[in-house]
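One file, final27.txt, carrying compact mmCIF, C-alpha atoms and all ligand atoms:
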```
# COMPACT_ATOMS: atom_id res chain seq x y z
CA MET V 1044 11.38 0.62 -5.26
CA ASN V 1045 10.73 -2.59 -7.14
CA ARG V 1046 7.08 -3.52 -6.91
CA THR V 1047 6.71 -5.07 -10.35
CA ALA V 1048 8.32 -8.22 -9.00
CA SER V 1049 8.91 -11.05 -11.47
CA PRO V 1050 7.63 -14.50 -10.43
CA HIS V 1051 11.13 -15.40 -9.32
CA ALA V 1052 11.35 -12.40 -7.03
CA VAL V 1053 8.12 -13.04 -5.11
CA ALA V 1054 8.77 -12.71 -1.39
CA PRO V 1055 8.50 -15.98 0.58
CA TRP V 1056 5.45 -14.93 2.64
CA ILE V 1057 3.67 -13.91 -0.59
CA ALA V 1058 4.57 -17.25 -2.20
CA ASP V 1059 3.09 -19.15 0.79
CA GLN V 1060 -0.15 -17.18 0.60
CA THR V 1061 -0.36 -17.64 -3.19
CA GLN V 1062 -0.20 -21.40 -2.82
CA ALA V 1063 -2.76 -21.41 0.00
CA LEU V 1064 -5.26 -19.32 -1.95
CA LEU V 1065 -4.79 -21.29 -5.19
CA ALA V 1066 -5.70 -24.46 -3.29
CA GLN V 1067 -9.14 -22.97 -2.56
CA ARG V 1068 -11.99 -22.38 -4.94
CA GLY V 1069 -13.25 -18.88 -5.39
CA HIS V 1070 -13.89 -16.52 -8.25
CA ALA V 1071 -13.52 -13.30 -6.24
CA TRP V 1072 -10.91 -12.63 -3.57
CA LEU V 1073 -10.57 -9.61 -1.36
CA LEU V 1074 -7.01 -9.30 -0.03
CA ALA V 1075 -7.00 -7.02 2.99
CA GLY V 1076 -4.65 -5.91 5.72
CA PRO V 1077 -2.39 -3.00 6.62
CA SER V 1078 -0.44 -1.43 3.76
CA GLY V 1079 3.09 -2.56 3.06
CA LEU V 1080 2.42 -6.30 3.40
CA GLY V 1081 2.30 -6.99 -0.35
CA GLN V 1082 -1.40 -6.94 -1.35
CA TYR V 1083 -0.50 -5.93 -4.90
CA ASP V 1084 2.18 -8.61 -5.26
CA LEU V 1085 -0.20 -11.31 -4.00
CA ALA V 1086 -2.96 -10.12 -6.35
CA MET V 1087 -0.51 -10.24 -9.26
CA ALA V 1088 0.73 -13.71 -8.26
CA LEU V 1089 -2.87 -15.01 -8.28
CA ALA V 1090 -3.62 -13.40 -11.64
CA ARG V 1091 -0.43 -14.83 -13.10
CA ALA V 1092 -1.26 -18.33 -11.85
CA TRP V 1093 -4.89 -18.23 -13.03
CA LEU V 1094 -3.86 -17.21 -16.55
CA CYS V 1095 -0.68 -19.30 -16.84
CA ASP V 1096 -0.41 -21.96 -19.61
CA HIS V 1097 1.35 -24.40 -17.25
CA PRO V 1098 0.29 -23.50 -13.72
CA ARG V 1099 1.80 -25.45 -10.85
CA GLN V 1100 0.61 -25.94 -7.31
CA GLN V 1101 2.84 -23.09 -6.18
CA GLY V 1102 1.63 -20.70 -8.86
CA ALA V 1103 2.52 -19.53 -12.34
CA CYS V 1104 5.36 -21.18 -14.30
CA GLY V 1105 7.05 -17.87 -15.05
CA GLN V 1106 8.14 -19.16 -18.49
CA CYS V 1107 5.11 -19.37 -20.78
CA SER V 1108 3.86 -16.68 -23.14
CA SER V 1109 1.02 -15.81 -20.76
CA CYS V 1110 3.47 -15.21 -17.91
CA HIS V 1111 5.61 -13.15 -20.26
CA ALA V 1112 2.63 -11.05 -21.39
CA ILE V 1113 1.84 -10.20 -17.76
CA GLU V 1114 5.48 -9.38 -17.09
CA VAL V 1115 5.39 -6.74 -19.83
CA HIS V 1116 1.95 -5.50 -18.66
CA ALA V 1117 0.19 -6.45 -21.91
CA HIS V 1118 -2.04 -9.49 -21.33
CA ALA V 1119 -5.32 -9.47 -23.25
CA ASP V 1120 -7.14 -11.39 -20.50
CA LEU V 1121 -5.98 -9.31 -17.56
CA CYS V 1122 -7.77 -6.08 -16.79
CA VAL V 1123 -6.18 -3.94 -14.08
CA LEU V 1124 -8.40 -1.36 -12.44
CA MET V 1125 -6.29 1.20 -10.65
CA PRO V 1126 -6.26 4.96 -10.23
CA GLU V 1127 -4.20 6.58 -13.00
CA THR V 1128 -1.60 7.74 -10.47
CA VAL V 1129 -1.05 4.12 -9.41
CA LEU V 1130 -0.99 2.81 -13.01
CA LEU V 1131 1.76 5.31 -13.78
CA GLU V 1132 3.68 4.51 -10.60
CA LEU V 1133 3.59 0.76 -11.29
CA GLY V 1134 4.31 1.06 -15.01
CA TRP V 1135 0.93 0.03 -16.45
CA PRO V 1136 -0.32 1.67 -19.64
CA LEU V 1137 -3.23 4.11 -19.48
CA ASN V 1138 -5.98 3.90 -22.07
CA GLU V 1139 -5.38 6.05 -25.14
CA LYS V 1140 -7.95 8.72 -24.33
CA ALA V 1141 -6.70 9.14 -20.75
CA GLN V 1142 -3.08 9.30 -21.89
CA ASP V 1143 -4.01 11.99 -24.47
CA ASP V 1144 -5.87 14.05 -21.88
CA ILE V 1145 -2.98 13.90 -19.46
CA ASP V 1146 -0.31 14.53 -22.13
CA SER V 1147 -2.17 17.59 -23.36
CA LYS V 1148 -2.58 18.76 -19.74
CA LYS V 1149 -6.38 18.76 -19.99
CA ARG V 1150 -6.42 17.18 -16.56
CA LYS V 1151 -4.15 15.58 -13.99
CA PRO V 1152 -3.91 11.79 -13.50
CA SER V 1153 -6.83 10.70 -11.33
CA LYS V 1154 -6.27 9.43 -7.79
CA GLU V 1155 -9.54 7.53 -7.90
CA ILE V 1156 -10.53 4.56 -10.01
CA ARG V 1157 -12.51 6.34 -12.71
CA VAL V 1158 -15.99 5.21 -13.63
CA GLU V 1159 -14.86 5.21 -17.31
CA SER V 1160 -12.29 2.50 -16.61
CA MET V 1161 -14.91 0.53 -14.68
CA ARG V 1162 -17.10 0.60 -17.79
CA ASP V 1163 -14.18 -0.82 -19.79
CA ALA V 1164 -13.80 -3.53 -17.16
CA VAL V 1165 -17.47 -4.47 -17.30
CA GLU V 1166 -17.17 -4.81 -21.09
CA PHE V 1167 -13.97 -6.82 -20.66
CA ALA V 1168 -15.74 -9.22 -18.28
CA GLN V 1169 -18.36 -9.94 -20.94
CA ARG V 1170 -15.93 -10.69 -23.79
CA THR V 1171 -14.65 -14.23 -24.42
CA SER V 1172 -11.12 -14.82 -23.27
CA ALA V 1173 -8.37 -14.33 -25.83
CA ARG V 1174 -6.02 -17.07 -24.64
CA GLY V 1175 -8.46 -19.68 -23.35
CA HIS V 1176 -7.61 -19.65 -19.64
CA GLY V 1177 -10.38 -17.32 -18.56
CA LYS V 1178 -9.96 -13.69 -17.60
CA VAL V 1179 -8.94 -11.75 -14.52
CA VAL V 1180 -9.99 -8.34 -13.22
CA LEU V 1181 -7.53 -6.95 -10.65
CA VAL V 1182 -8.62 -3.95 -8.55
CA PHE V 1183 -6.01 -2.08 -6.53
CA PRO V 1184 -6.27 -0.23 -4.21
CA ALA V 1185 -9.91 -1.25 -4.07
CA GLU V 1186 -10.83 1.51 -1.60
CA ARG V 1187 -10.17 4.05 -4.35
CA MET V 1188 -13.44 3.14 -6.06
CA ASN V 1189 -16.06 5.78 -5.54
CA VAL V 1190 -19.66 4.78 -4.96
CA TYR V 1191 -20.56 4.77 -8.69
CA THR V 1192 -17.54 2.70 -9.64
CA ALA V 1193 -18.15 0.29 -6.79
CA ASN V 1194 -21.77 -0.20 -7.83
CA ALA V 1195 -20.76 -0.93 -11.41
CA LEU V 1196 -18.31 -3.55 -10.16
CA LEU V 1197 -20.93 -5.01 -7.86
CA LYS V 1198 -23.19 -5.83 -10.81
CA THR V 1199 -20.37 -7.77 -12.48
CA LEU V 1200 -19.49 -9.53 -9.24
CA GLU V 1201 -23.10 -10.59 -8.79
CA GLU V 1202 -23.48 -11.96 -12.29
CA PRO V 1203 -20.00 -13.12 -13.27
CA ALA V 1204 -19.72 -14.11 -16.92
CA GLY V 1205 -18.46 -17.59 -16.08
CA ASP V 1206 -14.79 -17.49 -16.90
CA VAL V 1207 -13.83 -14.27 -15.15
CA LYS V 1208 -12.10 -14.11 -11.77
CA PHE V 1209 -11.71 -11.06 -9.58
CA VAL V 1210 -9.03 -10.08 -7.13
CA LEU V 1211 -9.44 -6.92 -5.09
CA ALA V 1212 -6.58 -5.68 -2.93
CA THR V 1213 -6.89 -3.05 -0.24
CA ASP V 1214 -5.36 -1.65 2.91
CA ALA V 1215 -8.64 -0.03 3.92
CA ALA V 1216 -11.31 -2.75 3.66
CA HIS V 1217 -13.57 -0.79 6.03
CA GLN V 1218 -13.96 1.85 3.29
CA LEU V 1219 -15.45 -0.64 0.83
CA LEU V 1220 -19.17 -1.09 0.35
CA PRO V 1221 -20.33 -3.94 2.61
CA THR V 1222 -22.03 -5.46 -0.45
CA ILE V 1223 -18.64 -5.66 -2.22
CA ARG V 1224 -17.02 -7.25 0.82
CA SER V 1225 -19.77 -9.83 1.12
CA ARG V 1226 -19.47 -10.85 -2.56
CA CYS V 1227 -15.78 -11.74 -2.14
CA LEU V 1228 -13.90 -14.36 -0.22
CA GLY V 1229 -11.84 -12.45 2.29
CA HIS V 1230 -8.16 -13.08 2.91
CA THR V 1231 -6.23 -11.22 5.58
CA MET V 1232 -2.62 -10.68 4.59
CA THR V 1233 -0.20 -12.52 6.85
CA TRP V 1234 2.81 -10.81 8.39
CA PRO V 1235 6.24 -12.18 7.54
CA ASN V 1236 8.45 -13.13 10.46
CA GLN V 1237 11.39 -10.85 11.20
CA ALA V 1238 13.93 -13.17 9.56
CA ASN V 1239 11.94 -13.48 6.32
CA ALA V 1240 11.28 -9.76 6.18
CA GLN V 1241 14.95 -8.95 6.71
CA ALA V 1242 16.07 -11.53 4.15
CA TRP V 1243 13.68 -10.04 1.62
CA LEU V 1244 14.92 -6.49 2.26
CA HIS V 1245 18.44 -7.81 1.85
CA SER V 1246 17.43 -9.27 -1.55
CA GLN V 1247 16.23 -5.76 -2.47
CA GLY V 1248 19.74 -4.44 -1.87
CA VAL V 1249 19.36 -3.23 1.73
CA ALA V 1250 22.27 -3.80 4.14
CA PRO V 1251 21.36 -5.99 7.18
CA ALA V 1252 21.92 -3.28 9.80
CA GLN V 1253 19.72 -0.87 7.88
CA ALA V 1254 17.07 -3.53 7.23
CA GLU V 1255 16.42 -3.90 10.95
CA LEU V 1256 16.08 -0.18 11.46
CA MET V 1257 13.87 0.30 8.40
CA LEU V 1258 11.56 -2.53 9.48
CA ARG V 1259 11.24 -0.97 12.90
CA ALA V 1260 10.42 2.43 11.41
CA ALA V 1261 7.75 0.80 9.22
CA GLY V 1262 6.25 -1.15 12.13
CA GLY V 1263 7.38 -4.49 10.67
CA ARG V 1264 5.84 -4.11 7.19
CA PRO V 1265 8.57 -5.00 4.69
CA GLN V 1266 7.34 -3.13 1.61
CA ALA V 1267 6.63 -0.04 3.63
CA ALA V 1268 10.13 -0.40 5.08
CA LEU V 1269 11.66 0.29 1.66
CA GLN V 1270 10.29 3.82 1.81
CA PHE V 1271 12.42 4.47 4.89
CA ALA V 1272 15.73 3.86 3.09
CA PRO V 1273 16.44 7.58 2.52
CA VAL V 1274 15.76 8.55 6.16
CA CYS V 1275 17.26 5.46 7.73
CA ASP V 1276 20.33 7.24 9.12
CA SER V 1277 18.39 10.01 10.82
CA TRP V 1278 15.54 7.86 12.21
CA ARG V 1279 17.28 7.08 15.53
CA HIS V 1280 17.99 10.76 16.18
CA LEU V 1281 14.49 11.88 15.29
CA PRO V 1282 12.80 11.71 18.74
CA LYS V 1283 15.40 13.81 20.50
CA ALA V 1284 15.73 16.27 17.62
CA VAL V 1285 11.98 16.84 17.74
CA ALA V 1286 12.03 17.30 21.51
CA ARG V 1287 14.75 19.94 21.00
CA GLY V 1288 12.59 21.65 18.38
CA ASP V 1289 15.03 20.92 15.56
CA THR V 1290 13.12 20.99 12.24
CA SER V 1291 16.20 20.31 10.09
CA ILE V 1292 15.75 16.58 10.64
CA PHE V 1293 12.71 16.79 8.34
CA LYS V 1294 14.49 18.54 5.49
CA ASP V 1295 13.19 17.11 2.17
CA TRP V 1296 10.39 15.16 3.91
CA ALA V 1297 6.84 15.44 2.60
CA PRO V 1298 4.39 16.77 5.24
CA ALA V 1299 2.55 13.42 5.22
CA GLN V 1300 5.79 11.64 6.15
CA VAL V 1301 6.42 14.12 8.96
CA VAL V 1302 2.95 13.56 10.39
CA ASP V 1303 3.42 9.79 10.11
CA ALA V 1304 6.78 9.95 11.93
CA LEU V 1305 5.35 12.17 14.67
CA GLN V 1306 2.40 9.82 15.15
CA LYS V 1307 4.87 6.99 15.64
CA LEU V 1308 6.87 9.09 18.09
CA CYS V 1309 3.71 10.00 19.99
CA HIS V 1310 2.63 6.34 20.06
CA ASP V 1311 5.99 5.15 21.36
CA THR V 1312 6.30 7.90 23.96
CA MET V 1313 2.90 6.90 25.33
CA ALA V 1314 3.80 3.20 25.19
CA LEU V 1315 7.01 3.80 27.12
CA LYS V 1316 5.16 5.89 29.68
CA ALA V 1317 2.68 3.05 30.17
CA GLY V 1318 5.52 0.58 30.68
CA ALA V 1319 5.02 -1.11 27.29
CA LYS V 1320 7.65 -1.74 24.63
CA PRO V 1321 7.94 0.96 21.98
CA ARG V 1322 7.31 -0.27 18.45
CA PHE V 1323 8.98 2.13 16.03
CA PHE V 1324 11.95 3.50 17.99
CA GLU V 1325 14.44 2.10 20.51
CA SER V 1326 13.59 2.90 24.14
CA ASN V 1327 16.96 4.62 24.60
CA ASP V 1328 16.28 6.99 21.75
CA LEU V 1329 12.98 8.26 23.15
CA PRO V 1330 12.59 11.35 25.33
CA MET V 1331 11.18 10.48 28.78
CA SER V 1332 8.76 13.32 29.30
CA GLY V 1333 5.34 14.66 28.47
CA SER V 1334 2.17 14.33 30.52
CA TRP V 1335 -0.70 12.02 29.61
CA GLN V 1336 -2.78 15.07 28.92
CA SER V 1337 -0.23 16.76 26.66
CA LEU V 1338 0.48 13.52 24.78
CA SER V 1339 -3.14 12.66 24.15
CA ALA V 1340 -3.90 16.20 23.01
CA TRP V 1341 -0.92 15.88 20.66
CA ALA V 1342 -2.19 12.55 19.30
CA LYS V 1343 -5.56 14.14 18.58
CA ALA V 1344 -3.98 17.12 16.85
CA LEU V 1345 -1.88 14.79 14.70
CA SER V 1346 -4.93 12.83 13.50
CA ALA V 1347 -6.51 16.13 12.51
CA SER V 1348 -3.34 17.14 10.61
CA GLN V 1349 -3.31 13.78 8.86
CA ARG V 1350 -6.62 14.59 7.21
CA THR V 1351 -5.49 17.95 5.79
CA VAL V 1352 -1.82 17.27 5.22
CA GLU V 1353 -2.05 16.69 1.47
CA HIS V 1354 -2.61 20.36 0.79
CA PRO V 1355 -0.25 22.31 3.03
CA PHE V 1356 -0.21 26.05 2.43
CA ASN V 1357 3.55 26.10 2.96
CA THR V 1358 5.66 23.01 3.63
CA GLY V 1359 8.33 24.81 5.71
CA LEU V 1360 5.78 26.51 7.94
CA MET V 1361 3.85 23.28 8.30
CA HIS V 1362 6.97 21.44 9.50
CA GLU V 1363 7.74 24.20 11.99
CA ALA V 1364 4.21 24.15 13.33
CA LEU V 1365 4.23 20.36 13.66
CA VAL V 1366 7.57 20.31 15.46
CA SER V 1367 6.70 23.07 17.92
CA GLN V 1368 3.44 21.27 18.69
CA ALA V 1369 5.47 18.11 19.34
CA GLN V 1370 8.00 19.97 21.45
CA LEU V 1371 5.26 21.40 23.59
CA ALA V 1372 3.73 17.98 24.21
CA LEU V 1373 7.02 16.22 24.87
CA ASN V 1374 8.62 18.75 27.16
CA LEU V 1375 5.71 19.27 29.46
CA LYS V 1376 6.72 17.96 32.86
CA PRO V 1377 4.23 15.57 34.40
ZN ZN S 1401 3.20 -19.49 -17.11
```
Any chance you could give the structure as structure tokens?
Amino acid sequence: MNRTASPHAVAPWIADQTQALLAQRGHAWLLAGPSGLGQYDLAMALARAWLCDHPRQQGACGQCSSCHAIEVHAHADLCVLMPETVLLELGWPLNEKAQDDIDSKKRKPSKEIRVESMRDAVEFAQRTSARGHGKVVLVFPAERMNVYTANALLKTLEEPAGDVKFVLATDAAHQLLPTIRSRCLGHTMTWPNQANAQAWLHSQGVAPAQAELMLRAAGGRPQAALQFAPVCDSWRHLPKAVARGDTSIFKDWAPAQVVDALQKLCHDTMALKAGAKPRFFESNDLPMSGSWQSLSAWAKALSASQRTVEHPFNTGLMHEALVSQAQLALNLKP
């Protein structure tokens, strides 16, 4: 998955939003919306434009030494605040101490934004800029700040050192401290239209027929759709396989993906039953059964599983349990 997009590869709906946000004043933006719409890419596009030597109305030039420094993830005036797991996934360097600790297996990469890195960021915000175009602090995903980290950021947001801009990106804005939300200008990510989303997936090497299916599976969110490439072929068969109690369809799936797929199946089965259009599957592919009671009990059980799914005692058993629960709900005659 290519998420370290170069300026030339920015998706059209991200480019439109970049231009719109650059036209407004604001030293702290909070980019929010469901995951998979490109929060990180938009945050990067803003940072690039703010720090660029020759910024244009549309954003960064993509050619100057500042743009190049961001491209190689080594810009002295850009501080990225991310959990270590996300830094590693997106190819950003860790600080020396953290890298040493992880290399020597003292601890695992953190899934939260650590208070130590927030302290570095606060110091960074107080330094003078190295290249003369101000500085940028980028926080992603912002909901991974714990209460201590968030409070440290809040202080800097309240008393910005003049030439520092902030961009926070999140898919769970409700989990942020209200005081953080109120210190930022909010921007809700816009959804691309179907044609744009498909064209973008095509530019990422996805065949048109698959792009449609992957977008459907991801509920229309293009970046999330990329994650469905490996399961694209089996997606259509999933509802009926589950109703039959066939667990082999989930071979090699992580439990979290199974729960996500079953939640979508449950949602669509209920939608179809209510006479609405299903969102993630084709109507023809869905089983026409289950009672309201069995389906809503299933939905409830799935939300409970979602909270504990990261630590399954045994993946195989977990899949079996999830599928037989689904089978029970789906096959119950009204
Ligand atoms: Zn530039």
Could you give me, as a PDB file with C-alpha atoms, in the frame of the given file, every polymer residue with an atom at most 9 Å away from an atom of ligand ZN 1401 (chain S), counting only C-alpha atoms and all ligand atoms?
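Saved as selection-v2.pdb:
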```pdb
ATOM      1  CA  ARG V1091      -0.430 -14.830 -13.100  1.00  0.00           C
ATOM      2  CA  ALA V1092      -1.260 -18.330 -11.850  1.00  0.00           C
ATOM      3  CA  LEU V1094      -3.860 -17.210 -16.550  1.00  0.00           C
ATOM      4  CA  CYS V1095      -0.680 -19.300 -16.840  1.00  0.00           C
ATOM      5  CA  ASP V1096      -0.410 -21.960 -19.610  1.00  0.00           C
ATOM      6  CA  HIS V1097       1.350 -24.400 -17.250  1.00  0.00           C
ATOM      7  CA  PRO V1098       0.290 -23.500 -13.720  1.00  0.00           C
ATOM      8  CA  ARG V1099       1.800 -25.450 -10.850  1.00  0.00           C
ATOM      9  CA  GLY V1102       1.630 -20.700  -8.860  1.00  0.00           C
ATOM     10  CA  ALA V1103       2.520 -19.530 -12.340  1.00  0.00           C
ATOM     11  CA  CYS V1104       5.360 -21.180 -14.300  1.00  0.00           C
ATOM     12  CA  GLY V1105       7.050 -17.870 -15.050  1.00  0.00           C
ATOM     13  CA  GLN V1106       8.140 -19.160 -18.490  1.00  0.00           C
ATOM     14  CA  CYS V1107       5.110 -19.370 -20.780  1.00  0.00           C
ATOM     15  CA  SER V1108       3.860 -16.680 -23.140  1.00  0.00           C
ATOM     16  CA  SER V1109       1.020 -15.810 -20.760  1.00  0.00           C
ATOM     17  CA  CYS V1110       3.470 -15.210 -17.910  1.00  0.00           C
ATOM     18  CA  HIS V1111       5.610 -13.150 -20.260  1.00  0.00           C
TER      19      HIS V1111
END
```
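Shortest atom-to-atom contact with V:Ala1272 among V:Glu1201, V:Glu1255, V:Asp1163, V:Asp1059: V:Glu1255, counting all atoms listed in the file.
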What is the distance, in Å and to one decimal place, between atom CA of V:Met1161 and atom CA of V:Ala1185?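 Interatomic distance, atom CA of V:Met1161 to atom CA of V:Ala1185: 11.9 Å.
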Shell around stretch 1309-1326 of chain V at 10 Å using only C-alpha atoms, local window under 3 positions removed, as a VMD selection string: chain V and resid 1256 to 1263 1278 to 1282 1303 to 1306 1329 to 1335 1338 to 1339 1341 to 1342 1345 1369 1372 to 1373
Using all atoms listed in the file, list the residues that have an atom at most 10 Å from (14.0, 20.5, 22.0), coordinates as in the file, as a compact mmCIF listing (two decimals) with C-alpha atoms, in the coordinates of the input.
```
# COMPACT_ATOMS: atom_id res chain seq x y z
CA PRO V 1282 12.80 11.71 18.74
CA LYS V 1283 15.40 13.81 20.50
CA ALA V 1284 15.73 16.27 17.62
CA VAL V 1285 11.98 16.84 17.74
CA ALA V 1286 12.03 17.30 21.51
CA ARG V 1287 14.75 19.94 21.00
CA GLY V 1288 12.59 21.65 18.38
CA ASP V 1289 15.03 20.92 15.56
CA THR V 1290 13.12 20.99 12.24
CA PRO V 1330 12.59 11.35 25.33
CA VAL V 1366 7.57 20.31 15.46
CA SER V 1367 6.70 23.07 17.92
CA ALA V 1369 5.47 18.11 19.34
CA GLN V 1370 8.00 19.97 21.45
CA LEU V 1371 5.26 21.40 23.59
CA LEU V 1373 7.02 16.22 24.87
CA ASN V 1374 8.62 18.75 27.16
```
Contacts of V:Thr1358 at 10 Å or less, counting all atoms listed in the file, minus same-chain residues fewer than 4 places along, as a JSON list (two decimals) with C-alpha atoms, keeping the file's coordinate frame?
```
[["chain", "number", "residue", "atom", "x", "y", "z"],
["V", 1295, "ASP", "CA", 13.19, 17.11, 2.17],
["V", 1296, "TRP", "CA", 10.39, 15.16, 3.91],
["V", 1297, "ALA", "CA", 6.84, 15.44, 2.60],
["V", 1298, "PRO", "CA", 4.39, 16.77, 5.24],
["V", 1352, "VAL", "CA", -1.82, 17.27, 5.22],
["V", 1354, "HIS", "CA", -2.61, 20.36, 0.79],
["V", 1362, "HIS", "CA", 6.97, 21.44, 9.50],
["V", 1363, "GLU", "CA", 7.74, 24.20, 11.99],
["V", 1364, "ALA", "CA", 4.21, 24.15, 13.33]]
```
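Across the model, the gap from atom CA of V:Ala1090 to atom CA of V:Ile1113 is 8.8 Å.
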List the spatial neighbours of stretch 1226-1238 of chain V as a PyMOL selection string - criterion: any atom at most 6 Å away, only C-alpha atoms, same-chain residues fewer than 2 positions off excluded. chain V and resi 1056+1071-1076+1223-1224+1240-1241
Mind writing the picked residues with C-alpha atoms as a PDB file, keeping the file's coordinate frame?
```pdb
ATOM      1  CA  TRP V1056       5.450 -14.930   2.640  1.00  0.00           C
ATOM      2  CA  ALA V1071     -13.520 -13.300  -6.240  1.00  0.00           C
ATOM      3  CA  TRP V1072     -10.910 -12.630  -3.570  1.00  0.00           C
ATOM      4  CA  LEU V1073     -10.570  -9.610  -1.360  1.00  0.00           C
ATOM      5  CA  LEU V1074      -7.010  -9.300  -0.030  1.00  0.00           C
ATOM      6  CA  ALA V1075      -7.000  -7.020   2.990  1.00  0.00           C
ATOM      7  CA  GLY V1076      -4.650  -5.910   5.720  1.00  0.00           C
ATOM      8  CA  ILE V1223     -18.640  -5.660  -2.220  1.00  0.00           C
ATOM      9  CA  ARG V1224     -17.020  -7.250   0.820  1.00  0.00           C
ATOM     10  CA  ALA V1240      11.280  -9.760   6.180  1.00  0.00           C
ATOM     11  CA  GLN V1241      14.950  -8.950   6.710  1.00  0.00           C
TER      12      GLN V1241
END
```
I need the residue nearest V:Ala1242 from this list: V:Ala1066, V:Ala1054, V:Leu1200, V:Ala1344. Use only C-alpha atoms for the distance.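 Ranking V:Ala1066, V:Ala1054, V:Leu1200, V:Ala1344 by distance to V:Ala1242, first place goes to V:Ala1054.
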Quick one, how far is atom CA of V:Pro1265 from atom CA of V:Ser1078? 9.7 Å
